[in-house]
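This report refers to the structure that appears directly beneath it.
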Amino acid sequence: MKNKMQTNQRRQFLKNGGLTAISFALGIEGVFGIGLSSGNQLFYKKTMFSLPDKHPEMTILNDRPINAEAPAHLLDEDLTSSDRFFVRNNGIPPDKKDIDPEKWTLTIEGESAKQTKTYTLSALKKQFKTYTYQLTLECGGNGRKEFNPPAKGNQWSIGAVGCAAWTGVRLKDVLEDVGIKSNAVYIGYYGKDTHLSGDPKKSPISRGVPMTKALEEESLIAWSMNGEPLPYLNGYPLRLVFGGWPASCSGKWLSKIVIRNKVHDGTKMKAPSYSVPCKPVPPGSKVANEDMCTIESMPVKSLITFPKTGATIKLGQVLPVRGHAWAGDLSVSKMEYSIDFGATWKTCELGTPANRLAWQAFAAKVQFPQKGYFEIWAKATDNKGIAQPMVLPGWNPKGYLNNACHRIAIKVV
Amino acid sequence: MSKNNRKPSKSWLNTFSLLMTTLKSITLLSCLVLVYAIFGEKFDFSFQKKEVIATKSTYVSNSNQKGDDWDKVENGIHLQTGLIYAENFDIIRGQCTACHSGKLIAQNRATREGWTQMIRWMQETQGLWDLGANEPKILDYLETHYAPKEVGRRTNINIAAVEWYILELEEN
């Protein structure tokens, strides 16, 4: 059964991969189809774009590079399944047929590395102790869609987030095996994905984290997600995972890590990428790059994952509501909901995280006072007392860090 | 998406007609490929405005033999690119979707100045070429069809997009 499923998925992948390859090579897609396509449905089989190994309800924001997010109700599981985990690609992933986990290597080098050392994937598995952590990854631009004036880039709504059980080795164990010089400041990564322009000299993305984050126990070089090999679009066969930080820090298709004696200067490290104004600015401001600061921990946030928005219930019924809350490097200490647009708030049950940087489950039983249209708004507060805003937080030119309260629509009849 | 597959026909006439349609399509496609391969630089397949699209001739060699029927316009949207089908569409298609998906354009909103900044950013960092005389036309298109809307500090839930359903719950 499982094998059959995998075969089907592979077939689906080949089909989609082939389609993408043709489109990409063409550049101007289907130029020959013009004039032929109308009224010739036998010849032109309808093939809408879908993603390899991803749930059909995923919202595809962009197909080159691939960017897809989950609608909130797909994220109801304790741990996000691989087919529901968002995809934020900056370039073109390495061809799946070229990926051989047996031959995959990871090289550690850089000004602040005591030596250059290359490990095979199997050497990493054998040489170092393996750890599994539940870690939340969220795209820095999750929620960008709502900023006003609008910010350029993929218009993520709410679903560029997930929490999975990642298995791998601690980055710190590997870095220490190589040797870290005392002047180390930052690590940067390089992956096997390629730039959209096809220019092999250009890196699509090469970001990283300061040494303090790199050396945390939960910072992993991971090969497994929820007990399975990494999904292809999420970095198979090897990636970094830094829970609680913009997911762009967690390099995919990982092939090289550099230990730097300065802040890493790879692609999309410099402002305005993954940066916000160091000082708050009015909406729509122009901000010079030197006045932008790189995002580190993500802010407190939550999602209502049950029921799916649009539920209609009868007056008198008690509506069970649940979801997840997370707070970057911090934890969530309080979870509330409102059915009157914040006039009153009621407390939700809130679970403890499986480990540091894992999201936390919340649940509530909601009663409605009368028939009509309601919205349920959810608000998380972190362990430093900072809560989600109901309106959009501080505007920034690139539209990062929107952690405004999530809400769903309910009808009581 | 509704399925467009035709059900198998009982009549041999239908089968024959389908076969003929297929053959005709293949022939027509082959002709077009040939014509484009020969006259690709001079020829313009645009279906609205006569604009020469500066595409690289290397693209020609890899013809889209399978094709697909979402290379068409429905409700003013060109299905394959997801872009609004209007004046200067062909230039956008040729110049912009050579590198990235049309969906990246369609989901963004900006003023003419904002779109100009995006073009400059792509030229400075992403290898975009000088757009020359096409630039003002591209900007005309983007400014007209993908302009920002004033939405305030928080928009309403998009009620029109909500799919209402009955949630079965136990009676209390």
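In the structure tokens, chains take the letters A, B, ... in the order shown, each chain's residues start at 1, and ligands count up from 1 in the order shown.
Every residue of region 47-78 of chain A with a DSSP assignment of helix (DSSP H, G or I), taken from the backbone, is listed as Ala72, His73, Leu74 and Leu75 of chain A.
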Item to check | Contacts of region 98-111 of chain B at 7 Å (only C-alpha atoms; same-chain gap of 5+ positions) as a PyMOL selection string | outcome: (chain A and resi 27-28+61-65+150+152-155+196-197) or (chain B and resi 81-83+143+146-148)
Could you please take those selected residues and save N, CA and C atoms as a PDB file, in the first residue's frame?
ATOM      1  N   GLY A  27      10.663  29.241 -21.156  1.00  0.00           N
ATOM      2  CA  GLY A  27      10.658  30.623 -20.692  1.00  0.00           C
ATOM      3  C   GLY A  27       9.320  31.267 -20.978  1.00  0.00           C
ATOM      4  N   ILE A  28       8.997  31.416 -22.235  1.00  0.00           N
ATOM      5  CA  ILE A  28       7.662  31.882 -22.564  1.00  0.00           C
ATOM      6  C   ILE A  28       6.812  30.630 -22.735  1.00  0.00           C
ATOM      7  N   LEU A  61       1.518  29.944  -4.215  1.00  0.00           N
ATOM      8  CA  LEU A  61       1.649  31.382  -4.441  1.00  0.00           C
ATOM      9  C   LEU A  61       2.465  31.661  -5.686  1.00  0.00           C
ATOM     10  N   ASN A  62       3.336  30.732  -5.999  1.00  0.00           N
ATOM     11  CA  ASN A  62       4.329  30.974  -7.024  1.00  0.00           C
ATOM     12  C   ASN A  62       4.827  29.611  -7.472  1.00  0.00           C
ATOM     13  N   ASP A  63       5.001  29.427  -8.781  1.00  0.00           N
ATOM     14  CA  ASP A  63       5.497  28.124  -9.214  1.00  0.00           C
ATOM     15  C   ASP A  63       6.934  28.177  -9.724  1.00  0.00           C
ATOM     16  N   ARG A  64       7.528  29.337  -9.783  1.00  0.00           N
ATOM     17  CA  ARG A  64       8.936  29.433 -10.195  1.00  0.00           C
ATOM     18  C   ARG A  64       9.546  30.667  -9.565  1.00  0.00           C
ATOM     19  N   PRO A  65      10.147  30.667  -8.425  1.00  0.00           N
ATOM     20  CA  PRO A  65      10.388  29.469  -7.617  1.00  0.00           C
ATOM     21  C   PRO A  65       9.113  28.996  -6.911  1.00  0.00           C
ATOM     22  N   PRO A 150       1.211  47.854   0.388  1.00  0.00           N
ATOM     23  CA  PRO A 150       1.678  46.481   0.218  1.00  0.00           C
ATOM     24  C   PRO A 150       3.196  46.389   0.081  1.00  0.00           C
ATOM     25  N   LYS A 152       6.486  44.149  -1.421  1.00  0.00           N
ATOM     26  CA  LYS A 152       6.734  43.256  -2.561  1.00  0.00           C
ATOM     27  C   LYS A 152       7.200  41.890  -2.081  1.00  0.00           C
ATOM     28  N   GLY A 153       6.984  40.910  -2.929  1.00  0.00           N
ATOM     29  CA  GLY A 153       7.403  39.551  -2.608  1.00  0.00           C
ATOM     30  C   GLY A 153       6.214  38.624  -2.591  1.00  0.00           C
ATOM     31  N   ASN A 154       6.449  37.395  -2.193  1.00  0.00           N
ATOM     32  CA  ASN A 154       5.353  36.437  -2.117  1.00  0.00           C
ATOM     33  C   ASN A 154       4.350  36.880  -1.068  1.00  0.00           C
ATOM     34  N   GLN A 155       3.085  36.910  -1.465  1.00  0.00           N
ATOM     35  CA  GLN A 155       2.053  37.448  -0.580  1.00  0.00           C
ATOM     36  C   GLN A 155       1.495  36.342   0.321  1.00  0.00           C
ATOM     37  N   LEU A 196      17.519  31.317 -10.001  1.00  0.00           N
ATOM     38  CA  LEU A 196      16.434  31.323 -10.996  1.00  0.00           C
ATOM     39  C   LEU A 196      16.928  31.686 -12.390  1.00  0.00           C
ATOM     40  N   SER A 197      17.917  32.558 -12.455  1.00  0.00           N
ATOM     41  CA  SER A 197      18.405  33.025 -13.757  1.00  0.00           C
ATOM     42  C   SER A 197      19.184  31.929 -14.468  1.00  0.00           C
TER      43      SER A 197
ATOM     44  N   THR B  81      -0.477  32.041 -16.974  1.00  0.00           N
ATOM     45  CA  THR B  81       0.379  32.952 -16.216  1.00  0.00           C
ATOM     46  C   THR B  81      -0.342  33.512 -14.997  1.00  0.00           C
ATOM     47  N   GLY B  82      -1.670  33.442 -14.988  1.00  0.00           N
ATOM     48  CA  GLY B  82      -2.437  34.035 -13.889  1.00  0.00           C
ATOM     49  C   GLY B  82      -2.516  35.548 -13.995  1.00  0.00           C
ATOM     50  N   LEU B  83      -2.118  36.093 -15.135  1.00  0.00           N
ATOM     51  CA  LEU B  83      -2.075  37.556 -15.291  1.00  0.00           C
ATOM     52  C   LEU B  83      -3.308  38.087 -16.017  1.00  0.00           C
ATOM     53  N   GLU B 143       1.009  49.346 -13.569  1.00  0.00           N
ATOM     54  CA  GLU B 143       0.382  50.445 -12.837  1.00  0.00           C
ATOM     55  C   GLU B 143      -1.140  50.392 -12.989  1.00  0.00           C
ATOM     56  N   TYR B 146      -2.244  46.334 -11.536  1.00  0.00           N
ATOM     57  CA  TYR B 146      -1.792  45.841 -10.223  1.00  0.00           C
ATOM     58  C   TYR B 146      -1.411  47.000  -9.313  1.00  0.00           C
ATOM     59  N   ALA B 147      -2.366  47.908  -9.148  1.00  0.00           N
ATOM     60  CA  ALA B 147      -2.165  49.082  -8.287  1.00  0.00           C
ATOM     61  C   ALA B 147      -2.615  48.753  -6.867  1.00  0.00           C
ATOM     62  N   PRO B 148      -2.019  49.404  -5.882  1.00  0.00           N
ATOM     63  CA  PRO B 148      -2.415  49.126  -4.492  1.00  0.00           C
ATOM     64  C   PRO B 148      -3.806  49.659  -4.177  1.00  0.00           C
TER      65      PRO B 148
END
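Each of A:Gly372, A:Gly394, A:Gly316, A:Pro280 was compared to chain B using only C-alpha atoms, and A:Gly316 turns out to be the nearest.
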Next on the checklist: Set the distance at 12 Å and use only C-alpha atoms: which residues neighbour Ala86 (chain B) once local chain neighbours fewer than 5 positions away are removed? I'd like the list as an MDAnalysis selection string.
Outcome noted: chainID B and resid 46:49 73 75:78 91:93 137:138 140:142 144:146
Export of prior selection with C-alpha atoms as a PDB file, in the first residue's frame:
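Result went into again.pdb, see below:
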ATOM      1  CA  SER B  46       0.735  37.742 -30.003  1.00  0.00           C
ATOM      2  CA  PHE B  47      -2.986  37.803 -30.189  1.00  0.00           C
ATOM      3  CA  GLN B  48      -3.696  41.400 -29.466  1.00  0.00           C
ATOM      4  CA  LYS B  49      -0.942  43.917 -30.053  1.00  0.00           C
ATOM      5  CA  VAL B  73      -8.102  33.561 -21.248  1.00  0.00           C
ATOM      6  CA  ASN B  75     -12.764  36.046 -17.201  1.00  0.00           C
ATOM      7  CA  GLY B  76     -10.010  38.360 -18.329  1.00  0.00           C
ATOM      8  CA  ILE B  77      -7.274  36.242 -16.744  1.00  0.00           C
ATOM      9  CA  HIS B  78      -4.713  34.386 -18.815  1.00  0.00           C
ATOM     10  CA  ILE B  91       5.538  42.114 -23.410  1.00  0.00           C
ATOM     11  CA  ILE B  92       5.042  41.174 -19.778  1.00  0.00           C
ATOM     12  CA  ARG B  93       4.877  37.539 -20.719  1.00  0.00           C
ATOM     13  CA  LYS B 137       4.850  49.738 -21.538  1.00  0.00           C
ATOM     14  CA  ILE B 138       5.524  47.213 -18.793  1.00  0.00           C
ATOM     15  CA  ASP B 140       1.808  51.079 -17.891  1.00  0.00           C
ATOM     16  CA  TYR B 141       0.453  47.564 -17.630  1.00  0.00           C
ATOM     17  CA  LEU B 142       1.520  47.034 -14.017  1.00  0.00           C
ATOM     18  CA  THR B 144      -3.023  49.968 -14.465  1.00  0.00           C
ATOM     19  CA  HIS B 145      -3.783  46.418 -13.392  1.00  0.00           C
ATOM     20  CA  TYR B 146      -1.792  45.841 -10.223  1.00  0.00           C
TER      21      TYR B 146
END
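Here CA of Lys308 (chain A) stands at a distance of 20.5 Å from CA of Glu138 (chain A).
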Next on the checklist: Could you go through region 148-188 of chain A and tell me which residues DSSP, when run on the backbone, assigns to strand (DSSP E), listing them as a PyMOL selection string?
Outcome noted: chain A and resi 161-170+186-188
Please, could you write that set of residues out with N, CA and C atoms as a compact mmCIF listing (two decimals), in the first residue's frame?
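As a result, out-v3.txt now contains:
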# COMPACT_ATOMS: atom_id res chain seq x y z
N VAL A 161 3.92 28.36 8.00
CA VAL A 161 4.41 27.94 9.32
C VAL A 161 4.10 26.47 9.50
N GLY A 162 4.93 25.80 10.29
CA GLY A 162 4.67 24.41 10.62
C GLY A 162 5.58 24.00 11.75
N CYS A 163 5.21 22.92 12.42
CA CYS A 163 6.08 22.38 13.46
C CYS A 163 6.20 20.88 13.23
N ALA A 164 7.43 20.41 13.08
CA ALA A 164 7.65 18.99 12.81
C ALA A 164 8.69 18.47 13.79
N ALA A 165 8.78 17.13 13.86
CA ALA A 165 9.85 16.50 14.64
C ALA A 165 11.03 16.30 13.71
N TRP A 166 12.09 17.04 13.94
CA TRP A 166 13.26 16.99 13.07
C TRP A 166 14.33 16.13 13.73
N THR A 167 14.94 15.26 12.97
CA THR A 167 16.00 14.40 13.49
C THR A 167 17.29 14.67 12.76
N GLY A 168 18.36 14.80 13.55
CA GLY A 168 19.67 15.03 12.95
C GLY A 168 20.72 15.11 14.03
N VAL A 169 21.82 15.78 13.70
CA VAL A 169 22.88 15.97 14.70
C VAL A 169 22.91 17.44 15.08
N ARG A 170 23.43 17.71 16.28
CA ARG A 170 23.54 19.11 16.68
C ARG A 170 24.60 19.81 15.84
N TYR A 186 29.57 34.23 13.15
CA TYR A 186 28.35 33.86 12.41
C TYR A 186 28.62 32.57 11.64
N ILE A 187 27.57 31.81 11.37
CA ILE A 187 27.71 30.74 10.38
C ILE A 187 26.84 31.09 9.17
N GLY A 188 27.28 30.65 8.02
CA GLY A 188 26.48 30.82 6.81
C GLY A 188 26.36 29.47 6.12
Next on the checklist: With distances taken over only C-alpha atoms, which residue among A:Ala247, A:Met58, A:Ala311, A:Ile339 lies nearest chain B?
Outcome noted: A:Ala311
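The closest residue to Leu75 (chain A), picked from A:His264, A:Lys334, A:Lys346, A:His55 and counting only C-alpha atoms, is A:His55.
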